[in-house]
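A.B. asks: Quick one: this structure, given as structure tokens, is what I'll be asking you about.
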Amino acid sequence: MPLSAFSAPLFSFKHARQALAVFCLCLLWHTAAAEEIKSPNGQLRLQFALQADGVPTYRLTYKGRDVIKTSKLGFDLKNAPALTSGFAVAASQQRTFDETWTPVWGEVKTIRNHYNELAVTLTQAATSRTLRVRFRVFDDGLGFRYEFPKQDKLGHFVVKEERTQFALAGDHKAFWLPGDYDTQEYSTVTSNLSEVRGKMKDAVTGNASQTTFSPTGVQTPLMLKSKDGLYINIHEAALIDYSCLNLELNDQTFVLESHLTPDAVGDKGYLQTPTHSPWRTVVVSDRAGAILESKLILNLNEPTKYKDTSWIKPVKYVGVWWEMITGRSSWAYTDATNIKLDSVDYRTLKPNGKHAANTAHVKEYIDFAALHGFDAVLVEGWNTGWEDWFGQSKDYVFDFVTPYPDFDVQELHRYAASKNVKMMMHHETSGSARNYERHMDEAYKFMVDNGYNAVKSGYVGNILPRGEHHYGQWLVNHYLYAITKAADYKIMVNAHEAVRPTGLSRTYPNLIGNEAARGTEYESFGGNNADHTTILPFTRLMGGPMDYTPGIFQTKISVLNPQNKSFVHSTLARQLALYVTMYSPLQMAADLPEHYNQHLDAFQFIKDVAIDWDDTQVLEAEPGDYITIARKAKGKSSWFIGSTCDENGRTSTVNLRFLDRGKKYVATIYADARDAHYEKNPQAYAIRKVNVTSKSKLSQYCAPGGGYAISVVETTR
């Protein structure tokens, strides 16, 4: 039979199949596009879709460009079916929210919280379980979280792993830290994502407690820059009763997947419905400064839990600390090596002669604070137990109330009060969180009785109970317990070695400071990279302020301790700039009074600079290279500008159009001298005054590892 006899039927069958395929593709596209919201300004678009096997996914674009490509959502559970597939959409709701709120303290006077929200309720037919995913799209990014409603088929459950993906659009430039369950105190590595595996070994440097988990695991906040100029920051918000988020990188596909910190037996979280996860956050812009200006993480946290916040005040302080970090002095009263707190009588032991926290010496710091208008004096090493506090896995390591024989608590309370200076308490736990909780009420009451209203807590070393990690669910709950318990006594908390901030300072504003990163102390342990402070605001500071402890004027550590050859990788002028660029309502002048007395002209900026703000503007920024920020003092017309740059140096040009029109100002500029260099000539600086207005522009040289600071004060002349 000739082929022509079959040609018409074959043609029809072929096209019927094509039509069916097109119909199916259109149906899939329609399903994906049906659940969509945009940011209030329309530049960000979030799409939610179920794949054919019921796998929930999301996608995020910015001005039509992929930020997060189609990425999967879900959970693996322990001894239970996974919550990763087999879902159907039971309901979806959209709403718009717009409010303006006033922080207790902060970078700006008011914050706008404006987003469009999509809440998708999913049911898993095979198990009759329900999961809700809530998305909030702001003009500056996306926040989403998982919600587990109360239900018959899901009550108590254990998380084996969260399966949230962030599928990136390419091999982005990344500013990353090794993934670790116990520390963030690493130098940031700048590389393409494809280079993470090759650079991981050198990136993992020694620490008092560390637990890395993967050759491609990284921490949040993770700062990224795409080849086409998108700045992307991935982090989390409102971390409560949950394990801290790390990210596992597939360096072939550039997909990041959540990796939660486990507990002592390897589980990632014990949950009970109704409950929800922290928010997963993606801040994005084509302007680097917009990342620093974002308030998305704060906005995803709940309003403050406290009715009265009048006792929460920003603090500028000095302290007995740097001389011990450098090795000039000691925390310990004696050189004994085997101490039992419940049986030792320190009055019978020989003092080592190097103990810094003695009454006479602390009075010198109080006098200095009073003379120069500082709020408080921090003293470390005042309490018994420092002789064998570290590395012994001691449970009962401190009692937080018993001073050494040479530290007179009552006399120092009286003396400080007479000078209108507060004392700041120090509670080092040596990782024994369990011991701290046993003593917490007594320790906080002791503080109140002796005039202390702020505490610097520390968690150096491996955690007790043994096997728990600094960033696991158990410790996350402990840190919040310490904050809320402190609030009962009207005490502000500055936690070091605790979990990195996730915006909880909005809800609990007595969390006035955190460390959770490689701070100034490392300048005495070999030094921070010269670009360190050009990166931290894009990473660590995304979730909250850092107690970075700047202000080191004598950058050669050997001047304090001849055996220590480290040096501060910064010029003196940049140390001033950090009071503006490294935002914190808790700022320390960390150097010794004797070094400030040698440079009182430069020290004037530290005295003048504000610690609470009505406005903040990022004038120029590029992660890893430079940051210049202007801030307006709370309730005043004065502005302060800070600029920090990397090891290459540069010329910074800023426009002062943020000043009030028609008003005149005097700008005092504290800058690097032309021959300044962070390594070769760090103390070379120059101070000059110029008259400026809102029409003025300033061009200022920044030395390698340098920067500048400017105070701008209104004048009537």
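Naming works like this for the structure tokens: A, B, ... for the chains as they're shown, residue 1 at the start of each chain, ligands 1 onward in shown order.
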Do you have, as a Markdown table, the list of residues of range 239-262 of chain A lying at most 8 Å from range 179-190 of chain A, each with its nearest atom pair and that distance in Å to one decimal, counting only C-alpha atoms and ordered by chain then number?
C.D. replies:
| residue | atom | partner | partner_atom | distance |
| --- | --- | --- | --- | --- |
| A:Asn246 | CA | A:Gly179 | CA | 6.2 |
| A:Leu247 | CA | A:Gly179 | CA | 7.3 |
| A:Thr261 | CA | A:Tyr181 | CA | 5.7 |
| A:Pro262 | CA | A:Tyr181 | CA | 7.9 |
A.B. asks: Once you count only C-alpha atoms, what closest atom pair and distance in Å to one decimal does each residue of range 301-373 of chain A within 12 Å of range 233-239 of chain A have, with rows by chain and rising residue number, as a Markdown table?
C.D. replies:
| residue | atom | partner | partner_atom | distance |
| --- | --- | --- | --- | --- |
| A:Asn301 | CA | A:Ala238 | CA | 5.3 |
| A:Glu302 | CA | A:Ala238 | CA | 8.0 |
| A:Pro303 | CA | A:Ala238 | CA | 11.2 |
A.B. asks: Go through A:Leu50, A:Ala88, A:Leu142, A:Val104 and flag the residue nearest Thr507 in chain A, using only C-alpha atoms for the distances.
C.D. replies: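 With only C-alpha atoms as the atom set, the closest residue is A:Val104.
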A.B. asks: Could you give me, as a PDB file with all heavy atoms, in the first residue's frame, the residues within 8 Å of range 629-644 of chain A, counting only C-alpha atoms and dropping anything in the same chain fewer than 5 positions from it?
C.D. replies:
ATOM      1  N   GLU A 107      19.874  52.513  64.506  1.00  0.00           N
ATOM      2  CA  GLU A 107      20.567  53.309  63.499  1.00  0.00           C
ATOM      3  C   GLU A 107      19.689  54.423  62.937  1.00  0.00           C
ATOM      4  O   GLU A 107      20.197  55.365  62.313  1.00  0.00           O
ATOM      5  CB  GLU A 107      21.043  52.404  62.365  1.00  0.00           C
ATOM      6  CG  GLU A 107      22.052  51.358  62.789  1.00  0.00           C
ATOM      7  CD  GLU A 107      22.440  50.438  61.656  1.00  0.00           C
ATOM      8  OE1 GLU A 107      23.382  50.781  60.916  1.00  0.00           O
ATOM      9  OE2 GLU A 107      21.780  49.390  61.486  1.00  0.00           O
ATOM     10  N   LYS A 109      15.683  56.637  63.567  1.00  0.00           N
ATOM     11  CA  LYS A 109      14.672  56.988  64.563  1.00  0.00           C
ATOM     12  C   LYS A 109      13.437  56.121  64.426  1.00  0.00           C
ATOM     13  O   LYS A 109      12.846  55.678  65.433  1.00  0.00           O
ATOM     14  CB  LYS A 109      14.304  58.467  64.418  1.00  0.00           C
ATOM     15  CG  LYS A 109      13.350  58.977  65.482  1.00  0.00           C
ATOM     16  CD  LYS A 109      13.127  60.478  65.328  1.00  0.00           C
ATOM     17  CE  LYS A 109      12.239  61.020  66.435  1.00  0.00           C
ATOM     18  NZ  LYS A 109      12.051  62.496  66.301  1.00  0.00           N
ATOM     19  N   THR A 533      37.125  44.896  58.409  1.00  0.00           N
ATOM     20  CA  THR A 533      36.029  45.792  58.776  1.00  0.00           C
ATOM     21  C   THR A 533      35.307  46.372  57.565  1.00  0.00           C
ATOM     22  O   THR A 533      34.336  47.116  57.733  1.00  0.00           O
ATOM     23  CB  THR A 533      36.531  46.932  59.679  1.00  0.00           C
ATOM     24  OG1 THR A 533      37.607  47.620  59.036  1.00  0.00           O
ATOM     25  CG2 THR A 533      36.994  46.376  61.016  1.00  0.00           C
ATOM     26  N   THR A 534      35.751  46.038  56.367  1.00  0.00           N
ATOM     27  CA  THR A 534      34.974  46.383  55.172  1.00  0.00           C
ATOM     28  C   THR A 534      34.010  45.267  54.789  1.00  0.00           C
ATOM     29  O   THR A 534      33.202  45.432  53.878  1.00  0.00           O
ATOM     30  CB  THR A 534      35.893  46.684  53.967  1.00  0.00           C
ATOM     31  OG1 THR A 534      36.493  45.462  53.509  1.00  0.00           O
ATOM     32  CG2 THR A 534      36.983  47.675  54.329  1.00  0.00           C
ATOM     33  N   ARG A 574      41.597  55.023  61.216  1.00  0.00           N
ATOM     34  CA  ARG A 574      40.512  54.069  60.961  1.00  0.00           C
ATOM     35  C   ARG A 574      39.914  53.554  62.261  1.00  0.00           C
ATOM     36  O   ARG A 574      38.715  53.254  62.313  1.00  0.00           O
ATOM     37  CB  ARG A 574      40.983  52.897  60.104  1.00  0.00           C
ATOM     38  CG  ARG A 574      39.818  51.960  59.790  1.00  0.00           C
ATOM     39  CD  ARG A 574      40.133  50.946  58.735  1.00  0.00           C
ATOM     40  NE  ARG A 574      40.887  49.822  59.251  1.00  0.00           N
ATOM     41  CZ  ARG A 574      41.148  48.725  58.534  1.00  0.00           C
ATOM     42  NH1 ARG A 574      40.731  48.636  57.288  1.00  0.00           N
ATOM     43  NH2 ARG A 574      41.841  47.742  59.056  1.00  0.00           N
ATOM     44  N   LEU A 576      39.157  55.269  64.696  1.00  0.00           N
ATOM     45  CA  LEU A 576      38.101  56.236  64.978  1.00  0.00           C
ATOM     46  C   LEU A 576      36.889  55.994  64.092  1.00  0.00           C
ATOM     47  O   LEU A 576      35.741  56.064  64.544  1.00  0.00           O
ATOM     48  CB  LEU A 576      38.626  57.658  64.768  1.00  0.00           C
ATOM     49  CG  LEU A 576      39.842  58.080  65.596  1.00  0.00           C
ATOM     50  CD1 LEU A 576      40.241  59.511  65.247  1.00  0.00           C
ATOM     51  CD2 LEU A 576      39.562  57.952  67.080  1.00  0.00           C
ATOM     52  N   ALA A 577      37.129  55.698  62.829  1.00  0.00           N
ATOM     53  CA  ALA A 577      36.034  55.479  61.880  1.00  0.00           C
ATOM     54  C   ALA A 577      35.139  54.318  62.290  1.00  0.00           C
ATOM     55  O   ALA A 577      33.929  54.328  62.012  1.00  0.00           O
ATOM     56  CB  ALA A 577      36.606  55.220  60.488  1.00  0.00           C
ATOM     57  N   LEU A 578      35.712  53.326  62.960  1.00  0.00           N
ATOM     58  CA  LEU A 578      34.944  52.133  63.321  1.00  0.00           C
ATOM     59  C   LEU A 578      33.795  52.443  64.273  1.00  0.00           C
ATOM     60  O   LEU A 578      32.819  51.688  64.335  1.00  0.00           O
ATOM     61  CB  LEU A 578      35.864  51.081  63.939  1.00  0.00           C
ATOM     62  CG  LEU A 578      36.983  50.547  63.028  1.00  0.00           C
ATOM     63  CD1 LEU A 578      37.815  49.505  63.763  1.00  0.00           C
ATOM     64  CD2 LEU A 578      36.424  49.971  61.735  1.00  0.00           C
ATOM     65  N   TYR A 579      33.869  53.540  65.010  1.00  0.00           N
ATOM     66  CA  TYR A 579      32.764  53.910  65.891  1.00  0.00           C
ATOM     67  C   TYR A 579      31.516  54.287  65.097  1.00  0.00           C
ATOM     68  O   TYR A 579      30.414  54.304  65.654  1.00  0.00           O
ATOM     69  CB  TYR A 579      33.177  55.061  66.812  1.00  0.00           C
ATOM     70  CG  TYR A 579      34.151  54.626  67.874  1.00  0.00           C
ATOM     71  CD1 TYR A 579      35.522  54.691  67.650  1.00  0.00           C
ATOM     72  CD2 TYR A 579      33.705  54.107  69.081  1.00  0.00           C
ATOM     73  CE1 TYR A 579      36.425  54.269  68.614  1.00  0.00           C
ATOM     74  CE2 TYR A 579      34.599  53.678  70.052  1.00  0.00           C
ATOM     75  CZ  TYR A 579      35.956  53.750  69.811  1.00  0.00           C
ATOM     76  OH  TYR A 579      36.853  53.308  70.769  1.00  0.00           O
ATOM     77  N   VAL A 580      31.697  54.560  63.815  1.00  0.00           N
ATOM     78  CA  VAL A 580      30.566  54.872  62.945  1.00  0.00           C
ATOM     79  C   VAL A 580      30.234  53.690  62.042  1.00  0.00           C
ATOM     80  O   VAL A 580      29.069  53.311  61.899  1.00  0.00           O
ATOM     81  CB  VAL A 580      30.863  56.122  62.087  1.00  0.00           C
ATOM     82  CG1 VAL A 580      29.674  56.452  61.182  1.00  0.00           C
ATOM     83  CG2 VAL A 580      31.194  57.311  62.975  1.00  0.00           C
ATOM     84  N   THR A 581      31.232  53.071  61.436  1.00  0.00           N
ATOM     85  CA  THR A 581      30.959  52.009  60.460  1.00  0.00           C
ATOM     86  C   THR A 581      30.561  50.694  61.117  1.00  0.00           C
ATOM     87  O   THR A 581      29.795  49.930  60.546  1.00  0.00           O
ATOM     88  CB  THR A 581      32.178  51.768  59.555  1.00  0.00           C
ATOM     89  OG1 THR A 581      33.291  51.336  60.347  1.00  0.00           O
ATOM     90  CG2 THR A 581      32.542  53.035  58.793  1.00  0.00           C
ATOM     91  N   VAL A 609      31.679  61.197  69.600  1.00  0.00           N
ATOM     92  CA  VAL A 609      30.814  60.416  68.710  1.00  0.00           C
ATOM     93  C   VAL A 609      29.615  59.854  69.473  1.00  0.00           C
ATOM     94  O   VAL A 609      29.727  59.406  70.617  1.00  0.00           O
ATOM     95  CB  VAL A 609      31.607  59.280  68.027  1.00  0.00           C
ATOM     96  CG1 VAL A 609      32.046  58.210  69.018  1.00  0.00           C
ATOM     97  CG2 VAL A 609      30.799  58.666  66.881  1.00  0.00           C
ATOM     98  N   ALA A 610      28.467  59.911  68.828  1.00  0.00           N
ATOM     99  CA  ALA A 610      27.231  59.404  69.434  1.00  0.00           C
ATOM    100  C   ALA A 610      27.196  57.879  69.379  1.00  0.00           C
ATOM    101  O   ALA A 610      27.969  57.241  68.651  1.00  0.00           O
ATOM    102  CB  ALA A 610      26.021  59.989  68.721  1.00  0.00           C
ATOM    103  N   ILE A 611      26.259  57.287  70.136  1.00  0.00           N
ATOM    104  CA  ILE A 611      26.063  55.836  70.112  1.00  0.00           C
ATOM    105  C   ILE A 611      24.594  55.475  69.883  1.00  0.00           C
ATOM    106  O   ILE A 611      24.230  54.305  69.916  1.00  0.00           O
ATOM    107  CB  ILE A 611      26.583  55.170  71.403  1.00  0.00           C
ATOM    108  CG1 ILE A 611      26.074  55.889  72.655  1.00  0.00           C
ATOM    109  CG2 ILE A 611      28.104  55.114  71.389  1.00  0.00           C
ATOM    110  CD1 ILE A 611      26.479  55.222  73.950  1.00  0.00           C
ATOM    111  N   ASP A 612      23.781  56.486  69.636  1.00  0.00           N
ATOM    112  CA  ASP A 612      22.379  56.259  69.286  1.00  0.00           C
ATOM    113  C   ASP A 612      22.032  57.277  68.209  1.00  0.00           C
ATOM    114  O   ASP A 612      22.512  58.421  68.258  1.00  0.00           O
ATOM    115  CB  ASP A 612      21.484  56.426  70.517  1.00  0.00           C
ATOM    116  CG  ASP A 612      20.141  55.728  70.366  1.00  0.00           C
ATOM    117  OD1 ASP A 612      19.976  54.941  69.418  1.00  0.00           O
ATOM    118  OD2 ASP A 612      19.250  55.971  71.197  1.00  0.00           O
ATOM    119  N   TRP A 613      21.176  56.883  67.259  1.00  0.00           N
ATOM    120  CA  TRP A 613      21.077  57.654  66.021  1.00  0.00           C
ATOM    121  C   TRP A 613      19.630  57.904  65.588  1.00  0.00           C
ATOM    122  O   TRP A 613      18.749  57.085  65.823  1.00  0.00           O
ATOM    123  CB  TRP A 613      21.823  56.923  64.907  1.00  0.00           C
ATOM    124  CG  TRP A 613      23.214  56.534  65.276  1.00  0.00           C
ATOM    125  CD1 TRP A 613      23.650  55.307  65.683  1.00  0.00           C
ATOM    126  CD2 TRP A 613      24.366  57.390  65.306  1.00  0.00           C
ATOM    127  NE1 TRP A 613      25.000  55.332  65.947  1.00  0.00           N
ATOM    128  CE2 TRP A 613      25.468  56.593  65.726  1.00  0.00           C
ATOM    129  CE3 TRP A 613      24.586  58.737  64.990  1.00  0.00           C
ATOM    130  CZ2 TRP A 613      26.759  57.112  65.848  1.00  0.00           C
ATOM    131  CZ3 TRP A 613      25.870  59.253  65.118  1.00  0.00           C
ATOM    132  CH2 TRP A 613      26.937  58.446  65.541  1.00  0.00           C
ATOM    133  N   ASP A 614      19.447  59.038  64.906  1.00  0.00           N
ATOM    134  CA  ASP A 614      18.164  59.366  64.277  1.00  0.00           C
ATOM    135  C   ASP A 614      18.138  59.006  62.801  1.00  0.00           C
ATOM    136  O   ASP A 614      17.074  58.791  62.224  1.00  0.00           O
ATOM    137  CB  ASP A 614      17.868  60.868  64.410  1.00  0.00           C
ATOM    138  CG  ASP A 614      17.195  61.218  65.730  1.00  0.00           C
ATOM    139  OD1 ASP A 614      16.643  60.306  66.372  1.00  0.00           O
ATOM    140  OD2 ASP A 614      17.229  62.396  66.121  1.00  0.00           O
ATOM    141  N   ASP A 615      19.322  58.981  62.175  1.00  0.00           N
ATOM    142  CA  ASP A 615      19.372  58.703  60.745  1.00  0.00           C
ATOM    143  C   ASP A 615      20.716  58.091  60.396  1.00  0.00           C
ATOM    144  O   ASP A 615      21.733  58.382  61.042  1.00  0.00           O
ATOM    145  CB  ASP A 615      19.156  59.991  59.938  1.00  0.00           C
ATOM    146  CG  ASP A 615      18.868  59.740  58.459  1.00  0.00           C
ATOM    147  OD1 ASP A 615      18.590  58.567  58.102  1.00  0.00           O
ATOM    148  OD2 ASP A 615      18.918  60.698  57.668  1.00  0.00           O
ATOM    149  N   THR A 616      20.711  57.242  59.406  1.00  0.00           N
ATOM    150  CA  THR A 616      21.928  56.619  58.888  1.00  0.00           C
ATOM    151  C   THR A 616      21.860  56.580  57.373  1.00  0.00           C
ATOM    152  O   THR A 616      20.843  56.175  56.799  1.00  0.00           O
ATOM    153  CB  THR A 616      22.094  55.187  59.428  1.00  0.00           C
ATOM    154  OG1 THR A 616      22.374  55.237  60.834  1.00  0.00           O
ATOM    155  CG2 THR A 616      23.228  54.454  58.725  1.00  0.00           C
ATOM    156  N   GLN A 617      22.938  56.987  56.729  1.00  0.00           N
ATOM    157  CA  GLN A 617      23.016  56.941  55.272  1.00  0.00           C
ATOM    158  C   GLN A 617      24.354  56.342  54.857  1.00  0.00           C
ATOM    159  O   GLN A 617      25.404  56.773  55.338  1.00  0.00           O
ATOM    160  CB  GLN A 617      22.843  58.334  54.673  1.00  0.00           C
ATOM    161  CG  GLN A 617      21.477  58.955  54.965  1.00  0.00           C
ATOM    162  CD  GLN A 617      21.202  60.205  54.166  1.00  0.00           C
ATOM    163  OE1 GLN A 617      21.787  60.416  53.102  1.00  0.00           O
ATOM    164  NE2 GLN A 617      20.299  61.039  54.663  1.00  0.00           N
ATOM    165  N   VAL A 618      24.277  55.350  53.982  1.00  0.00           N
ATOM    166  CA  VAL A 618      25.488  54.737  53.440  1.00  0.00           C
ATOM    167  C   VAL A 618      25.900  55.547  52.220  1.00  0.00           C
ATOM    168  O   VAL A 618      25.199  55.562  51.201  1.00  0.00           O
ATOM    169  CB  VAL A 618      25.254  53.264  53.077  1.00  0.00           C
ATOM    170  CG1 VAL A 618      26.540  52.648  52.518  1.00  0.00           C
ATOM    171  CG2 VAL A 618      24.784  52.485  54.295  1.00  0.00           C
ATOM    172  N   LEU A 619      27.020  56.222  52.323  1.00  0.00           N
ATOM    173  CA  LEU A 619      27.442  57.135  51.267  1.00  0.00           C
ATOM    174  C   LEU A 619      28.159  56.417  50.131  1.00  0.00           C
ATOM    175  O   LEU A 619      28.040  56.803  48.966  1.00  0.00           O
ATOM    176  CB  LEU A 619      28.350  58.219  51.856  1.00  0.00           C
ATOM    177  CG  LEU A 619      27.763  59.009  53.033  1.00  0.00           C
ATOM    178  CD1 LEU A 619      28.730  60.100  53.470  1.00  0.00           C
ATOM    179  CD2 LEU A 619      26.409  59.609  52.680  1.00  0.00           C
ATOM    180  N   GLU A 620      28.896  55.376  50.465  1.00  0.00           N
ATOM    181  CA  GLU A 620      29.572  54.562  49.451  1.00  0.00           C
ATOM    182  C   GLU A 620      29.948  53.240  50.098  1.00  0.00           C
ATOM    183  O   GLU A 620      30.228  53.178  51.285  1.00  0.00           O
ATOM    184  CB  GLU A 620      30.808  55.268  48.884  1.00  0.00           C
ATOM    185  CG  GLU A 620      31.780  55.759  49.948  1.00  0.00           C
ATOM    186  CD  GLU A 620      33.007  56.459  49.374  1.00  0.00           C
ATOM    187  OE1 GLU A 620      33.092  56.622  48.145  1.00  0.00           O
ATOM    188  OE2 GLU A 620      33.889  56.817  50.175  1.00  0.00           O
ATOM    189  N   CYS A 702      42.473  57.883  51.977  1.00  0.00           N
ATOM    190  CA  CYS A 702      42.493  56.785  52.943  1.00  0.00           C
ATOM    191  C   CYS A 702      43.745  55.955  52.678  1.00  0.00           C
ATOM    192  O   CYS A 702      43.923  55.434  51.566  1.00  0.00           O
ATOM    193  CB  CYS A 702      41.253  55.903  52.816  1.00  0.00           C
ATOM    194  SG  CYS A 702      39.690  56.738  53.110  1.00  0.00           S
ATOM    195  N   GLY A 705      44.770  50.113  54.627  1.00  0.00           N
ATOM    196  CA  GLY A 705      44.308  49.709  55.948  1.00  0.00           C
ATOM    197  C   GLY A 705      43.842  50.870  56.791  1.00  0.00           C
ATOM    198  O   GLY A 705      43.820  50.770  58.020  1.00  0.00           O
ATOM    199  N   GLY A 706      43.456  51.956  56.148  1.00  0.00           N
ATOM    200  CA  GLY A 706      43.135  53.169  56.872  1.00  0.00           C
ATOM    201  C   GLY A 706      41.696  53.617  56.732  1.00  0.00           C
ATOM    202  O   GLY A 706      40.799  52.829  56.419  1.00  0.00           O
ATOM    203  N   GLY A 707      41.505  54.906  56.958  1.00  0.00           N
ATOM    204  CA  GLY A 707      40.166  55.478  56.888  1.00  0.00           C
ATOM    205  C   GLY A 707      40.160  56.859  57.498  1.00  0.00           C
ATOM    206  O   GLY A 707      41.210  57.469  57.738  1.00  0.00           O
ATOM    207  N   TYR A 708      38.969  57.350  57.759  1.00  0.00           N
ATOM    208  CA  TYR A 708      38.853  58.664  58.379  1.00  0.00           C
ATOM    209  C   TYR A 708      37.545  58.753  59.146  1.00  0.00           C
ATOM    210  O   TYR A 708      36.613  57.977  58.923  1.00  0.00           O
ATOM    211  CB  TYR A 708      38.936  59.786  57.341  1.00  0.00           C
ATOM    212  CG  TYR A 708      37.855  59.756  56.282  1.00  0.00           C
ATOM    213  CD1 TYR A 708      36.607  60.357  56.490  1.00  0.00           C
ATOM    214  CD2 TYR A 708      38.080  59.151  55.044  1.00  0.00           C
ATOM    215  CE1 TYR A 708      35.624  60.343  55.519  1.00  0.00           C
ATOM    216  CE2 TYR A 708      37.107  59.129  54.070  1.00  0.00           C
ATOM    217  CZ  TYR A 708      35.877  59.727  54.307  1.00  0.00           C
ATOM    218  OH  TYR A 708      34.902  59.706  53.337  1.00  0.00           O
ATOM    219  N   ALA A 709      37.510  59.729  60.069  1.00  0.00           N
ATOM    220  CA  ALA A 709      36.309  60.008  60.846  1.00  0.00           C
ATOM    221  C   ALA A 709      36.072  61.510  60.834  1.00  0.00           C
ATOM    222  O   ALA A 709      37.028  62.295  60.870  1.00  0.00           O
ATOM    223  CB  ALA A 709      36.473  59.511  62.282  1.00  0.00           C
ATOM    224  N   ILE A 710      34.807  61.896  60.758  1.00  0.00           N
ATOM    225  CA  ILE A 710      34.459  63.318  60.699  1.00  0.00           C
ATOM    226  C   ILE A 710      33.308  63.591  61.653  1.00  0.00           C
ATOM    227  O   ILE A 710      32.304  62.874  61.641  1.00  0.00           O
ATOM    228  CB  ILE A 710      34.039  63.747  59.272  1.00  0.00           C
ATOM    229  CG1 ILE A 710      35.102  63.362  58.240  1.00  0.00           C
ATOM    230  CG2 ILE A 710      33.771  65.243  59.219  1.00  0.00           C
ATOM    231  CD1 ILE A 710      34.701  63.655  56.796  1.00  0.00           C
ATOM    232  N   SER A 711      33.451  64.611  62.467  1.00  0.00           N
ATOM    233  CA  SER A 711      32.310  65.120  63.228  1.00  0.00           C
ATOM    234  C   SER A 711      31.842  66.398  62.548  1.00  0.00           C
ATOM    235  O   SER A 711      32.662  67.255  62.195  1.00  0.00           O
ATOM    236  CB  SER A 711      32.699  65.390  64.683  1.00  0.00           C
ATOM    237  OG  SER A 711      33.689  66.389  64.771  1.00  0.00           O
ATOM    238  N   VAL A 712      30.537  66.507  62.339  1.00  0.00           N
ATOM    239  CA  VAL A 712      29.956  67.647  61.633  1.00  0.00           C
ATOM    240  C   VAL A 712      28.971  68.314  62.585  1.00  0.00           C
ATOM    241  O   VAL A 712      27.918  67.754  62.900  1.00  0.00           O
ATOM    242  CB  VAL A 712      29.240  67.209  60.339  1.00  0.00           C
ATOM    243  CG1 VAL A 712      28.752  68.428  59.559  1.00  0.00           C
ATOM    244  CG2 VAL A 712      30.176  66.368  59.466  1.00  0.00           C
ATOM    245  N   VAL A 713      29.325  69.493  63.054  1.00  0.00           N
ATOM    246  CA  VAL A 713      28.566  70.169  64.102  1.00  0.00           C
ATOM    247  C   VAL A 713      28.013  71.484  63.562  1.00  0.00           C
ATOM    248  O   VAL A 713      28.742  72.277  62.946  1.00  0.00           O
ATOM    249  CB  VAL A 713      29.451  70.435  65.334  1.00  0.00           C
ATOM    250  CG1 VAL A 713      28.649  71.151  66.423  1.00  0.00           C
ATOM    251  CG2 VAL A 713      30.025  69.125  65.863  1.00  0.00           C
ATOM    252  N   GLU A 714      26.730  71.724  63.800  1.00  0.00           N
ATOM    253  CA  GLU A 714      26.088  72.948  63.338  1.00  0.00           C
ATOM    254  C   GLU A 714      26.687  74.161  64.046  1.00  0.00           C
ATOM    255  O   GLU A 714      27.000  74.114  65.241  1.00  0.00           O
ATOM    256  CB  GLU A 714      24.589  72.872  63.609  1.00  0.00           C
ATOM    257  CG  GLU A 714      23.798  74.039  63.052  1.00  0.00           C
ATOM    258  CD  GLU A 714      22.312  73.938  63.335  1.00  0.00           C
ATOM    259  OE1 GLU A 714      21.875  72.895  63.869  1.00  0.00           O
ATOM    260  OE2 GLU A 714      21.591  74.912  63.022  1.00  0.00           O
TER     261      GLU A 714
END
A.B. asks: Please run DSSP on the backbone and report, as a PyMOL selection string, all residues within range 359-476 of chain A that come out as alpha helix (DSSP H).
C.D. replies: chain A and resi 359-372+409-418+433-449+473-476
A.B. asks: So that each row is one residue of range 283-344 of chain A with an atom at most 12 Å from range 426-431 of chain A, can you give its shortest atom pair and the distance in Å to one decimal, using only C-alpha atoms, rows by chain and rising number, as a tab-separated table?
C.D. replies:
residue	atom	partner	partner_atom	distance
A:Gly319	CA	A:His426	CA	10.6
A:Val320	CA	A:His426	CA	10.6
A:Trp321	CA	A:His426	CA	10.5
A:Trp331	CA	A:Glu428	CA	11.2
A.B. asks: Would you list, as JSON, numbers by chain, the residues of range 164-243 of chain A that end up in strand (DSSP E or B) under DSSP run on this structure's backbone?
C.D. replies: {"A": [165, 166, 167, 173, 174, 175, 176, 178, 180, 189, 190, 191, 192, 212, 217, 218, 219, 222, 223, 224, 225, 231, 232, 233, 234, 235, 236, 237]}
A.B. asks: At a cut-off of 8 Å, using only C-alpha atoms, what residues contact Gln272 in chain A? Leave out same-chain residues fewer than 5 positions from it and give the result as a PyMOL selection string.
C.D. replies: chain A and resi 155-157
A.B. asks: Using only C-alpha atoms, which residue out of A:Ala376, A:Leu412, A:Val692, A:Leu480 lies closest to Asp241 in chain A?
C.D. replies: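 Smallest distance to Asp241 in chain A is found for A:Leu480.
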A.B. asks: Applying 12 Å and only C-alpha atoms, which residues near Thr348 in chain A remain after dropping the ones on its own chain fewer than 3 positions away? List them as a ChimeraX atom specification.
C.D. replies: /A:333-334,336,343-345,351,404-405
A.B. asks: Neighbouring residues of Tyr701 in chain A were defined as those with any atom within 9 Å, considering only C-alpha atoms; residues of the same chain fewer than 6 positions away were excluded. Please report them as an MDAnalysis selection string.
C.D. replies: chainID A and resid 649:653 671:674 707:708
A.B. asks: Using only C-alpha atoms, which of the listed residues (A:Leu349, A:Ala703, A:Val137, A:Ala357) sits closest to Val283 in chain A?
C.D. replies: A:Val137
